[in-house]
>>> print(open('final13.pdb').read())   # PDB, C-alpha atoms
ATOM      1  CA  LYS A 118     -26.538 -28.835 -25.805
ATOM      2  CA  ASP A 119     -26.474 -28.186 -29.560
ATOM      3  CA  ASP A 120     -23.698 -30.713 -30.218
ATOM      4  CA  PRO A 121     -25.268 -34.229 -30.354
ATOM      5  CA  VAL A 122     -21.914 -36.019 -30.202
ATOM      6  CA  ALA A 123     -20.675 -34.024 -27.199
ATOM      7  CA  ARG A 124     -24.060 -34.353 -25.510
ATOM      8  CA  GLU A 125     -23.982 -38.166 -25.813
ATOM      9  CA  GLU A 126     -20.448 -38.297 -24.455
ATOM     10  CA  PHE A 127     -21.260 -36.083 -21.443
ATOM     11  CA  LEU A 128     -24.446 -38.039 -20.690
ATOM     12  CA  LYS A 129     -22.449 -41.280 -20.775
ATOM     13  CA  VAL A 130     -19.889 -39.875 -18.307
ATOM     14  CA  MET A 131     -22.662 -38.558 -16.033
ATOM     15  CA  ALA A 132     -24.425 -41.923 -16.042
ATOM     16  CA  GLU A 133     -21.207 -43.781 -15.213
ATOM     17  CA  GLN A 134     -20.373 -41.412 -12.357
ATOM     18  CA  ALA A 135     -23.928 -41.564 -10.980
ATOM     19  CA  GLU A 136     -23.804 -45.371 -11.009
ATOM     20  CA  ARG A 137     -20.418 -45.356  -9.264
ATOM     21  CA  MET A 138     -21.734 -42.945  -6.607
ATOM     22  CA  SER A 139     -24.788 -45.159  -6.100
ATOM     23  CA  LYS A 140     -22.540 -48.212  -5.573
ATOM     24  CA  LEU A 141     -20.359 -46.259  -3.160
ATOM     25  CA  VAL A 142     -23.323 -45.115  -1.041
ATOM     26  CA  SER A 143     -24.753 -48.638  -1.061
ATOM     27  CA  ASP A 144     -21.446 -50.133   0.095
ATOM     28  CA  LEU A 145     -21.012 -47.507   2.826
ATOM     29  CA  LEU A 146     -24.520 -48.164   4.151
ATOM     30  CA  SER A 147     -23.878 -51.907   4.055
ATOM     31  CA  LEU A 148     -20.595 -51.503   5.943
ATOM     32  CA  SER A 149     -22.249 -49.276   8.553
ATOM     33  CA  LYS A 150     -25.013 -51.839   9.135
ATOM     34  CA  ILE A 151     -22.520 -54.678   9.516
ATOM     35  CA  GLU A 152     -20.434 -52.661  11.998
ATOM     36  CA  MET A 153     -23.516 -51.899  14.109
ATOM     37  CA  ASN A 154     -24.158 -55.649  14.465
ATOM     38  CA  ALA A 155     -20.493 -56.579  14.915
ATOM     39  CA  VAL A 156     -20.827 -57.859  18.485
ATOM     40  CA  SER A 157     -23.903 -60.018  17.861
ATOM     41  CA  ARG A 158     -22.919 -63.379  16.446
ATOM     42  CA  PRO A 159     -25.459 -64.774  13.941
ATOM     43  CA  GLU A 160     -26.979 -68.101  14.945
ATOM     44  CA  SER A 161     -28.934 -69.297  11.888
ATOM     45  CA  LYS A 162     -28.082 -72.447   9.931
ATOM     46  CA  VAL A 163     -26.877 -71.547   6.407
ATOM     47  CA  ASP A 164     -26.492 -73.862   3.414
ATOM     48  CA  LEU A 165     -23.425 -72.308   1.763
ATOM     49  CA  LEU A 166     -23.770 -74.479  -1.364
ATOM     50  CA  ARG A 167     -27.205 -72.990  -2.036
ATOM     51  CA  VAL A 168     -25.835 -69.477  -1.513
ATOM     52  CA  ILE A 169     -22.930 -70.062  -3.915
ATOM     53  CA  ARG A 170     -25.127 -71.526  -6.657
ATOM     54  CA  ALA A 171     -27.677 -68.717  -6.313
ATOM     55  CA  GLU A 172     -25.011 -65.986  -6.480
ATOM     56  CA  LYS A 173     -23.325 -67.599  -9.484
ATOM     57  CA  GLN A 174     -26.466 -66.974 -11.553
ATOM     58  CA  HIS A 175     -26.148 -63.221 -11.020
ATOM     59  CA  PHE A 176     -22.859 -63.057 -12.911
ATOM     60  CA  GLU A 177     -23.861 -64.599 -16.237
ATOM     61  CA  TRP A 178     -23.949 -61.267 -18.064
ATOM     62  CA  ALA A 179     -20.622 -60.090 -16.580
ATOM     63  CA  CYS A 180     -19.015 -63.393 -17.611
ATOM     64  CA  LYS A 181     -20.299 -63.074 -21.180
ATOM     65  CA  GLN A 182     -18.827 -59.564 -21.446
ATOM     66  CA  LYS A 183     -15.310 -60.928 -20.820
ATOM     67  CA  ASN A 184     -15.821 -64.469 -22.117
ATOM     68  CA  VAL A 185     -15.102 -65.756 -18.615
ATOM     69  CA  SER A 186     -16.520 -69.026 -17.321
ATOM     70  CA  ILE A 187     -17.206 -69.996 -13.703
ATOM     71  CA  ARG A 188     -16.243 -73.547 -12.746
ATOM     72  CA  LEU A 189     -17.730 -75.050  -9.601
ATOM     73  CA  LYS A 190     -15.824 -77.500  -7.421
ATOM     74  CA  LEU A 191     -18.363 -78.027  -4.665
ATOM     75  CA  SER A 192     -18.530 -80.878  -2.179
ATOM     76  CA  ASP A 193     -22.082 -82.228  -2.094
ATOM     77  CA  SER A 194     -21.596 -83.375   1.500
ATOM     78  CA  LEU A 195     -20.756 -79.888   2.787
ATOM     79  CA  PRO A 196     -22.317 -79.354   6.234
ATOM     80  CA  PRO A 197     -24.120 -76.098   7.072
ATOM     81  CA  THR A 198     -22.374 -73.149   8.667
ATOM     82  CA  LYS A 199     -23.649 -70.823  11.366
ATOM     83  CA  GLY A 200     -24.393 -67.360  10.053
ATOM     84  CA  GLU A 201     -26.706 -64.921   8.365
ATOM     85  CA  ASP A 202     -27.804 -65.887   4.877
ATOM     86  CA  GLU A 203     -27.718 -62.429   3.254
ATOM     87  CA  GLU A 204     -24.373 -61.456   4.752
ATOM     88  CA  LEU A 205     -22.709 -64.662   3.555
ATOM     89  CA  ALA A 206     -24.294 -64.063   0.141
ATOM     90  CA  GLN A 207     -22.569 -60.663   0.205
ATOM     91  CA  VAL A 208     -19.231 -62.357   0.877
ATOM     92  CA  VAL A 209     -19.722 -64.675  -2.110
ATOM     93  CA  ARG A 210     -21.007 -61.803  -4.283
ATOM     94  CA  ASN A 211     -18.071 -59.516  -3.523
ATOM     95  CA  LEU A 212     -15.375 -62.156  -3.984
ATOM     96  CA  VAL A 213     -16.830 -63.595  -7.188
ATOM     97  CA  GLY A 214     -17.523 -60.111  -8.552
ATOM     98  CA  ASN A 215     -13.924 -59.068  -7.885
ATOM     99  CA  ALA A 216     -12.567 -62.223  -9.502
ATOM    100  CA  ILE A 217     -14.556 -61.598 -12.691
ATOM    101  CA  LYS A 218     -13.515 -57.929 -12.771
ATOM    102  CA  TYR A 219      -9.819 -58.633 -12.372
ATOM    103  CA  THR A 220      -9.346 -61.950 -14.169
ATOM    104  CA  ASN A 221      -8.091 -61.802 -17.732
ATOM    105  CA  GLN A 222     -10.416 -62.237 -20.690
ATOM    106  CA  ASP A 223     -11.044 -65.756 -21.987
ATOM    107  CA  THR A 224     -10.178 -67.406 -18.665
ATOM    108  CA  GLU A 225     -12.122 -69.120 -15.895
ATOM    109  CA  VAL A 226     -12.899 -68.366 -12.276
ATOM    110  CA  VAL A 227     -12.941 -71.417 -10.012
ATOM    111  CA  LEU A 228     -15.227 -71.593  -6.970
ATOM    112  CA  THR A 229     -14.352 -74.281  -4.420
ATOM    113  CA  ALA A 230     -16.334 -75.301  -1.355
ATOM    114  CA  LYS A 231     -15.346 -78.176   0.913
ATOM    115  CA  LEU A 232     -14.915 -79.346   4.488
ATOM    116  CA  THR A 233     -11.262 -79.151   5.500
ATOM    117  CA  SER A 234      -9.031 -79.910   8.459
ATOM    118  CA  ASP A 235      -6.185 -77.867   6.949
ATOM    119  CA  LEU A 236      -6.867 -74.700   8.928
ATOM    120  CA  PRO A 237      -5.039 -71.355   8.950
ATOM    121  CA  GLN A 238      -2.971 -70.473  11.995
ATOM    122  CA  ASP A 239      -5.316 -68.119  13.802
ATOM    123  CA  PRO A 240      -6.457 -67.854  17.449
ATOM    124  CA  LEU A 241     -10.106 -68.011  16.322
ATOM    125  CA  PHE A 242      -9.605 -71.549  15.039
ATOM    126  CA  ARG A 243      -7.265 -72.733  17.758
ATOM    127  CA  ASN A 244      -9.812 -75.139  19.235
ATOM    128  CA  LEU A 245     -11.322 -76.307  15.947
ATOM    129  CA  THR A 246     -10.369 -79.428  14.027
ATOM    130  CA  ARG A 247     -12.308 -78.667  10.847
ATOM    131  CA  ALA A 248     -13.985 -75.797   9.021
ATOM    132  CA  ILE A 249     -15.866 -74.985   5.834
ATOM    133  CA  TYR A 250     -13.619 -73.610   3.107
ATOM    134  CA  PHE A 251     -14.845 -71.424   0.247
ATOM    135  CA  GLY A 252     -12.260 -70.349  -2.316
ATOM    136  CA  VAL A 253     -12.378 -68.039  -5.339
ATOM    137  CA  GLN A 254      -9.513 -68.389  -7.802
ATOM    138  CA  ASP A 255      -8.928 -66.052 -10.753
ATOM    139  CA  GLN A 256      -6.386 -65.874 -13.573
ATOM    140  CA  GLY A 257      -5.650 -62.165 -13.384
ATOM    141  CA  ASP A 258      -2.438 -60.176 -13.126
ATOM    142  CA  GLY A 259      -1.910 -61.118  -9.494
ATOM    143  CA  ILE A 260      -1.178 -58.835  -6.548
ATOM    144  CA  PRO A 261       2.334 -57.855  -5.400
ATOM    145  CA  LYS A 262       3.019 -59.223  -1.907
ATOM    146  CA  GLU A 263       3.530 -55.808  -0.318
ATOM    147  CA  HIS A 264      -0.090 -54.856  -1.082
ATOM    148  CA  ILE A 265      -1.780 -57.993   0.304
ATOM    149  CA  PRO A 266      -1.812 -56.997   4.029
ATOM    150  CA  ARG A 267      -3.672 -53.757   3.180
ATOM    151  CA  LEU A 268      -6.286 -55.097   0.753
ATOM    152  CA  THR A 269      -9.080 -55.127   3.344
ATOM    153  CA  GLU A 270      -8.552 -51.471   4.280
ATOM    154  CA  ARG A 271     -11.340 -49.157   3.166
ATOM    155  CA  PHE A 272     -10.679 -47.508  -0.186
ATOM    156  CA  TYR A 273      -7.256 -49.148  -0.522
ATOM    157  CA  ARG A 274      -6.421 -49.851  -4.149
ATOM    158  CA  VAL A 275      -3.451 -51.615  -5.701
ATOM    159  CA  ASP A 276      -4.068 -49.780  -8.987
ATOM    160  CA  SER A 277      -6.462 -46.831  -8.664
ATOM    161  CA  ALA A 278      -6.872 -46.282 -12.392
ATOM    162  CA  ARG A 279      -7.714 -49.931 -13.046
ATOM    163  CA  THR A 280     -10.109 -50.095 -10.104
ATOM    164  CA  ARG A 281     -12.010 -47.066 -11.400
ATOM    165  CA  LYS A 282     -12.110 -48.600 -14.863
ATOM    166  CA  VAL A 283     -13.744 -51.829 -13.657
ATOM    167  CA  GLY A 284     -16.147 -49.954 -11.395
ATOM    168  CA  GLY A 285     -14.806 -50.828  -7.951
ATOM    169  CA  THR A 286     -15.549 -48.721  -4.864
ATOM    170  CA  GLY A 287     -12.612 -49.910  -2.766
ATOM    171  CA  LEU A 288     -14.976 -51.211  -0.073
ATOM    172  CA  GLY A 289     -15.766 -54.773  -1.201
ATOM    173  CA  LEU A 290     -12.997 -56.532   0.725
ATOM    174  CA  ALA A 291     -13.549 -54.330   3.780
ATOM    175  CA  ILE A 292     -17.169 -55.504   3.796
ATOM    176  CA  VAL A 293     -16.051 -59.133   3.461
ATOM    177  CA  LYS A 294     -13.616 -58.707   6.362
ATOM    178  CA  HIS A 295     -16.259 -57.197   8.680
ATOM    179  CA  ILE A 296     -18.828 -59.863   7.811
ATOM    180  CA  LEU A 297     -16.306 -62.614   8.509
ATOM    181  CA  ASN A 298     -15.319 -60.985  11.809
ATOM    182  CA  ARG A 299     -18.971 -61.121  12.863
ATOM    183  CA  HIS A 300     -19.192 -64.772  11.742
ATOM    184  CA  ARG A 301     -15.909 -65.691  13.496
ATOM    185  CA  GLY A 302     -14.506 -66.537  10.086
ATOM    186  CA  ILE A 303     -11.117 -65.962   8.469
ATOM    187  CA  MET A 304     -10.023 -64.833   4.995
ATOM    188  CA  THR A 305      -6.721 -65.766   3.390
ATOM    189  CA  ILE A 306      -5.211 -64.241   0.241
ATOM    190  CA  ASP A 307      -2.693 -66.045  -1.951
ATOM    191  CA  SER A 308      -1.459 -64.339  -5.084
ATOM    192  CA  GLU A 309       1.294 -64.614  -7.654
ATOM    193  CA  VAL A 310       2.046 -61.796 -10.070
ATOM    194  CA  GLY A 311       1.336 -62.887 -13.636
ATOM    195  CA  VAL A 312      -0.588 -65.990 -12.503
ATOM    196  CA  GLY A 313      -3.607 -64.907 -10.466
ATOM    197  CA  SER A 314      -5.086 -64.813  -6.979
ATOM    198  CA  THR A 315      -7.056 -67.053  -4.637
ATOM    199  CA  PHE A 316      -9.224 -65.604  -1.889
ATOM    200  CA  GLY A 317     -10.091 -68.216   0.717
ATOM    201  CA  VAL A 318     -12.809 -68.026   3.358
ATOM    202  CA  TYR A 319     -12.935 -70.311   6.411
ATOM    203  CA  LEU A 320     -16.166 -70.596   8.403
ATOM    204  CA  PRO A 321     -17.045 -72.661  11.471
ATOM    205  CA  VAL A 322     -19.257 -75.687  10.989
ATOM    206  CA  TYR A 323     -22.765 -75.414  12.463
ATOM    207  CA  ASP A 324     -22.890 -77.461  15.677
TER     208      ASP A 324
END
>>> encode(input="final13.pdb", output="structure tokens")
Amino acid sequence: KDDPVAREEFLKVMAEQAERMSKLVSDLLSLSKIEMNAVSRPESKVDLLRVIRAEKQHFEWACKQKNVSIRLKLSDSLPPTKGEDEELAQVVRNLVGNAIKYTNQDTEVVLTAKLTSDLPQDPLFRNLTRAIYFGVQDQGDGIPKEHIPRLTERFYRVDSARTRKVGGTGLGLAIVKHILNRHRGIMTIDSEVGVGSTFGVYLPVYD
């Protein structure tokens, strides 16, 4: 307590750990709530373009810290999807937040939203001819292929030290997966080491 330099350093570490614990508790509570509602399919009409634009504003400070820009490639004619507004905002928030954390400095993150008939091979979409696609592309280090199937597991990390450094809890993609399961949506992950990653979300069109 009598060493000002040591005191500042310890207070900084304590603050960082307290913030990380707060994020962890928040994510666990969020995951628990989503799991409790897993069997009830949301029925509201959601304007995904509005959600994406609103969430983008929350990342201005994080982008400035790394000199990262967010480029929007949004189709103005995008139809609404069926879902719950706040949960889909969480999907956007987690994917964009991850992209900014893991992209390299002085690069851009690209957000794409469009109506597509190029659907992933999945039983959920077997009877559909089109879906809403939302993609988040970064220019980070990429993810080795052997890790991709496990990325949505709770607390799974490709690089634990790096994840701790950027402030991740290891629950973001698990939350995204559970939200999409409830919304009858699908997530795809394409990544190339040394190039970057694209996380794609497919959602049913509101009928």
>>> residues_near_point(input="final13.pdb", point="(-18.0, -69.2, -16.6)", cutoff="9 Å", atoms="all atoms listed in the file", output="ChimeraX atom specification")
/A:176-177,180-181,184-188,224-227
>>> closest_residue(input="final13.pdb", among="A:Phe251, A:Tyr319, A:Phe127, A:Phe272", to="His300 in chain A", atoms="only C-alpha atoms")
A:Tyr319
>>> residues_around(input="final13.pdb", residues="Gly252 in chain A", least_positions_apart="3", cutoff="8 Å", atoms="only C-alpha atoms", output="MDAnalysis selection string")
chainID A and resid 227:230 315:318
>>> axis_aligned_box(input="final13.pdb", around="range 257-273 of chain A", padding_each_side="4 Å", output="lines of an AutoDock Vina configuration file")
center_x = -3.9
center_y = -54.8
center_z = -4.6
size_x = 22.9
size_y = 22.7
size_z = 25.7
>>> closest_residue(input="final13.pdb", among="A:Leu245, A:Leu145, A:Ala179, A:Ala155", to="Ala291 in chain A", atoms="only C-alpha atoms")
A:Leu145
>>> residues_around(input="final13.pdb", residues="range 169-171 of chain A", least_positions_apart="4", cutoff="8 Å", atoms="only C-alpha atoms", output="PDB file with C-alpha atoms, in the coordinates of the input")
ATOM      1  CA  LEU A 165     -23.425 -72.308   1.763  1.00  0.00           C
ATOM      2  CA  HIS A 175     -26.148 -63.221 -11.020  1.00  0.00           C
ATOM      3  CA  ALA A 206     -24.294 -64.063   0.141  1.00  0.00           C
ATOM      4  CA  VAL A 209     -19.722 -64.675  -2.110  1.00  0.00           C
TER       5      VAL A 209
END
>>> resolve_selection(input="final13.pdb", expression="the PyMOL selection byres ((chain A and resi 203) around 12)", output="list in words")
Ser147, Ile151, Pro159, Ser161, Val163, Asp164, Leu165, Arg167, Val168, Ile169, Ala171, Glu172, Gly200, Glu201, Asp202, Glu204, Leu205, Ala206, Gln207, Val208, Val209, Arg210 and Ile296 of chain A
>>> write_last_selection(input="final13.pdb", atoms="C-alpha atoms", output="CSV table (one decimal), in the coordinates of the input")
chain,number,residue,atom,x,y,z
A,147,SER,CA,-23.9,-51.9,4.1
A,151,ILE,CA,-22.5,-54.7,9.5
A,159,PRO,CA,-25.5,-64.8,13.9
A,161,SER,CA,-28.9,-69.3,11.9
A,163,VAL,CA,-26.9,-71.5,6.4
A,164,ASP,CA,-26.5,-73.9,3.4
A,165,LEU,CA,-23.4,-72.3,1.8
A,167,ARG,CA,-27.2,-73.0,-2.0
A,168,VAL,CA,-25.8,-69.5,-1.5
A,169,ILE,CA,-22.9,-70.1,-3.9
A,171,ALA,CA,-27.7,-68.7,-6.3
A,172,GLU,CA,-25.0,-66.0,-6.5
A,200,GLY,CA,-24.4,-67.4,10.1
A,201,GLU,CA,-26.7,-64.9,8.4
A,202,ASP,CA,-27.8,-65.9,4.9
A,204,GLU,CA,-24.4,-61.5,4.8
A,205,LEU,CA,-22.7,-64.7,3.6
A,206,ALA,CA,-24.3,-64.1,0.1
A,207,GLN,CA,-22.6,-60.7,0.2
A,208,VAL,CA,-19.2,-62.4,0.9
A,209,VAL,CA,-19.7,-64.7,-2.1
A,210,ARG,CA,-21.0,-61.8,-4.3
A,296,ILE,CA,-18.8,-59.9,7.8
>>> residues_around(input="final13.pdb", residues="Lys294 in chain A", least_positions_apart="6", cutoff="10 Å", atoms="only C-alpha atoms", output="mmCIF file with C-alpha atoms, in the frame of the given file")
data_model
loop_
_atom_site.group_PDB
_atom_site.id
_atom_site.type_symbol
_atom_site.label_atom_id
_atom_site.label_comp_id
_atom_site.auth_asym_id
_atom_site.auth_seq_id
_atom_site.Cartn_x
_atom_site.Cartn_y
_atom_site.Cartn_z
ATOM 1 C CA VAL A 208 -19.231 -62.357 0.877
ATOM 2 C CA LEU A 268 -6.286 -55.097 0.753
ATOM 3 C CA THR A 269 -9.080 -55.127 3.344
ATOM 4 C CA GLU A 270 -8.552 -51.471 4.280
ATOM 5 C CA LEU A 288 -14.976 -51.211 -0.073
ATOM 6 C CA HIS A 300 -19.192 -64.772 11.742
ATOM 7 C CA GLY A 302 -14.506 -66.537 10.086
ATOM 8 C CA ILE A 303 -11.117 -65.962 8.469
ATOM 9 C CA MET A 304 -10.023 -64.833 4.995
ATOM 10 C CA VAL A 318 -12.809 -68.026 3.358
#
>>> residues_around(input="final13.pdb", residues="range 273-277 of chain A", least_positions_apart="5", cutoff="7 Å", atoms="all atoms listed in the file", output="ChimeraX atom specification")
/A:264,267-268,287
>>> resolve_selection(input="final13.pdb", expression="the PyMOL selection byres ((chain A and resi 218) around 12)", output="PyMOL selection string")
chain A and resi 176+179-185+210-217+219-222+224-226+255-258+279-285
>>> write_last_selection(input="final13.pdb", atoms="C-alpha atoms", output="PDB file, in the frame of the given file")
ATOM      1  CA  PHE A 176     -22.859 -63.057 -12.911  1.00  0.00           C
ATOM      2  CA  ALA A 179     -20.622 -60.090 -16.580  1.00  0.00           C
ATOM      3  CA  CYS A 180     -19.015 -63.393 -17.611  1.00  0.00           C
ATOM      4  CA  LYS A 181     -20.299 -63.074 -21.180  1.00  0.00           C
ATOM      5  CA  GLN A 182     -18.827 -59.564 -21.446  1.00  0.00           C
ATOM      6  CA  LYS A 183     -15.310 -60.928 -20.820  1.00  0.00           C
ATOM      7  CA  ASN A 184     -15.821 -64.469 -22.117  1.00  0.00           C
ATOM      8  CA  VAL A 185     -15.102 -65.756 -18.615  1.00  0.00           C
ATOM      9  CA  ARG A 210     -21.007 -61.803  -4.283  1.00  0.00           C
ATOM     10  CA  ASN A 211     -18.071 -59.516  -3.523  1.00  0.00           C
ATOM     11  CA  LEU A 212     -15.375 -62.156  -3.984  1.00  0.00           C
ATOM     12  CA  VAL A 213     -16.830 -63.595  -7.188  1.00  0.00           C
ATOM     13  CA  GLY A 214     -17.523 -60.111  -8.552  1.00  0.00           C
ATOM     14  CA  ASN A 215     -13.924 -59.068  -7.885  1.00  0.00           C
ATOM     15  CA  ALA A 216     -12.567 -62.223  -9.502  1.00  0.00           C
ATOM     16  CA  ILE A 217     -14.556 -61.598 -12.691  1.00  0.00           C
ATOM     17  CA  TYR A 219      -9.819 -58.633 -12.372  1.00  0.00           C
ATOM     18  CA  THR A 220      -9.346 -61.950 -14.169  1.00  0.00           C
ATOM     19  CA  ASN A 221      -8.091 -61.802 -17.732  1.00  0.00           C
ATOM     20  CA  GLN A 222     -10.416 -62.237 -20.690  1.00  0.00           C
ATOM     21  CA  THR A 224     -10.178 -67.406 -18.665  1.00  0.00           C
ATOM     22  CA  GLU A 225     -12.122 -69.120 -15.895  1.00  0.00           C
ATOM     23  CA  VAL A 226     -12.899 -68.366 -12.276  1.00  0.00           C
ATOM     24  CA  ASP A 255      -8.928 -66.052 -10.753  1.00  0.00           C
ATOM     25  CA  GLN A 256      -6.386 -65.874 -13.573  1.00  0.00           C
ATOM     26  CA  GLY A 257      -5.650 -62.165 -13.384  1.00  0.00           C
ATOM     27  CA  ASP A 258      -2.438 -60.176 -13.126  1.00  0.00           C
ATOM     28  CA  ARG A 279      -7.714 -49.931 -13.046  1.00  0.00           C
ATOM     29  CA  THR A 280     -10.109 -50.095 -10.104  1.00  0.00           C
ATOM     30  CA  ARG A 281     -12.010 -47.066 -11.400  1.00  0.00           C
ATOM     31  CA  LYS A 282     -12.110 -48.600 -14.863  1.00  0.00           C
ATOM     32  CA  VAL A 283     -13.744 -51.829 -13.657  1.00  0.00           C
ATOM     33  CA  GLY A 284     -16.147 -49.954 -11.395  1.00  0.00           C
ATOM     34  CA  GLY A 285     -14.806 -50.828  -7.951  1.00  0.00           C
TER      35      GLY A 285
END
>>> closest_residue(input="final13.pdb", among="A:Thr286, A:Ser194, A:Ser308, A:Asn298", to="Pro261 in chain A", atoms="only C-alpha atoms")
A:Ser308
>>> resolve_selection(input="final13.pdb", expression="the PyMOL selection byres ((chain A and resi 248) around 7)", output="VMD selection string")
chain A and resid 232 to 234 247 249 to 250 319 to 322
>>> atom_distance(input="final13.pdb", atom1="CA of Val142 in chain A", atom2="CA of Val293 in chain A")
16.4 Å
>>> closest_residue(input="final13.pdb", among="A:Met138, A:Val156, A:Met131, A:Val312", to="His295 in chain A", atoms="all atoms listed in the file")
A:Val156
>>> closest_residue(input="final13.pdb", among="A:Ala132, A:Tyr323, A:Leu166, A:Asp120", to="Asp193 in chain A", atoms="all atoms listed in the file")
A:Leu166
>>> atom_distance(input="final13.pdb", atom1="CA of Leu297 in chain A", atom2="CA of Ile260 in chain A")
21.7 Å
>>> decode(input="final13.pdb", residues="range 211-222 of chain A", atoms="N, CA and C atoms", output="mmCIF file, in the first residue's frame")
data_model
loop_
_atom_site.group_PDB
_atom_site.id
_atom_site.type_symbol
_atom_site.label_atom_id
_atom_site.label_comp_id
_atom_site.auth_asym_id
_atom_site.auth_seq_id
_atom_site.Cartn_x
_atom_site.Cartn_y
_atom_site.Cartn_z
ATOM 1 N N ASN A 211 -22.227 -10.204 -30.889
ATOM 2 C CA ASN A 211 -21.161 -11.161 -30.613
ATOM 3 C C ASN A 211 -20.262 -11.395 -31.826
ATOM 4 N N LEU A 212 -20.869 -11.523 -33.001
ATOM 5 C CA LEU A 212 -20.063 -11.792 -34.198
ATOM 6 C C LEU A 212 -19.229 -10.587 -34.605
ATOM 7 N N VAL A 213 -19.829 -9.401 -34.552
ATOM 8 C CA VAL A 213 -19.069 -8.191 -34.906
ATOM 9 C C VAL A 213 -17.995 -7.923 -33.860
ATOM 10 N N GLY A 214 -18.339 -8.093 -32.585
ATOM 11 C CA GLY A 214 -17.356 -7.898 -31.520
ATOM 12 C C GLY A 214 -16.165 -8.823 -31.671
ATOM 13 N N ASN A 215 -16.435 -10.100 -31.981
ATOM 14 C CA ASN A 215 -15.339 -11.053 -32.200
ATOM 15 C C ASN A 215 -14.474 -10.648 -33.383
ATOM 16 N N ALA A 216 -15.121 -10.227 -34.462
ATOM 17 C CA ALA A 216 -14.371 -9.850 -35.667
ATOM 18 C C ALA A 216 -13.418 -8.698 -35.375
ATOM 19 N N ILE A 217 -13.891 -7.708 -34.620
ATOM 20 C CA ILE A 217 -13.037 -6.557 -34.294
ATOM 21 C C ILE A 217 -11.898 -6.985 -33.370
ATOM 22 N N LYS A 218 -12.195 -7.865 -32.423
ATOM 23 C CA LYS A 218 -11.157 -8.341 -31.494
ATOM 24 C C LYS A 218 -10.044 -9.077 -32.221
ATOM 25 N N TYR A 219 -10.432 -9.921 -33.188
ATOM 26 C CA TYR A 219 -9.455 -10.829 -33.782
ATOM 27 C C TYR A 219 -8.926 -10.397 -35.145
ATOM 28 N N THR A 220 -9.516 -9.354 -35.748
ATOM 29 C CA THR A 220 -8.940 -8.869 -37.000
ATOM 30 C C THR A 220 -7.645 -8.139 -36.715
ATOM 31 N N ASN A 221 -6.806 -8.016 -37.712
ATOM 32 C CA ASN A 221 -5.537 -7.308 -37.527
ATOM 33 C C ASN A 221 -5.765 -5.800 -37.541
ATOM 34 N N GLN A 222 -4.831 -5.085 -36.944
ATOM 35 C CA GLN A 222 -4.920 -3.618 -36.939
ATOM 36 C C GLN A 222 -4.881 -3.075 -38.364
#
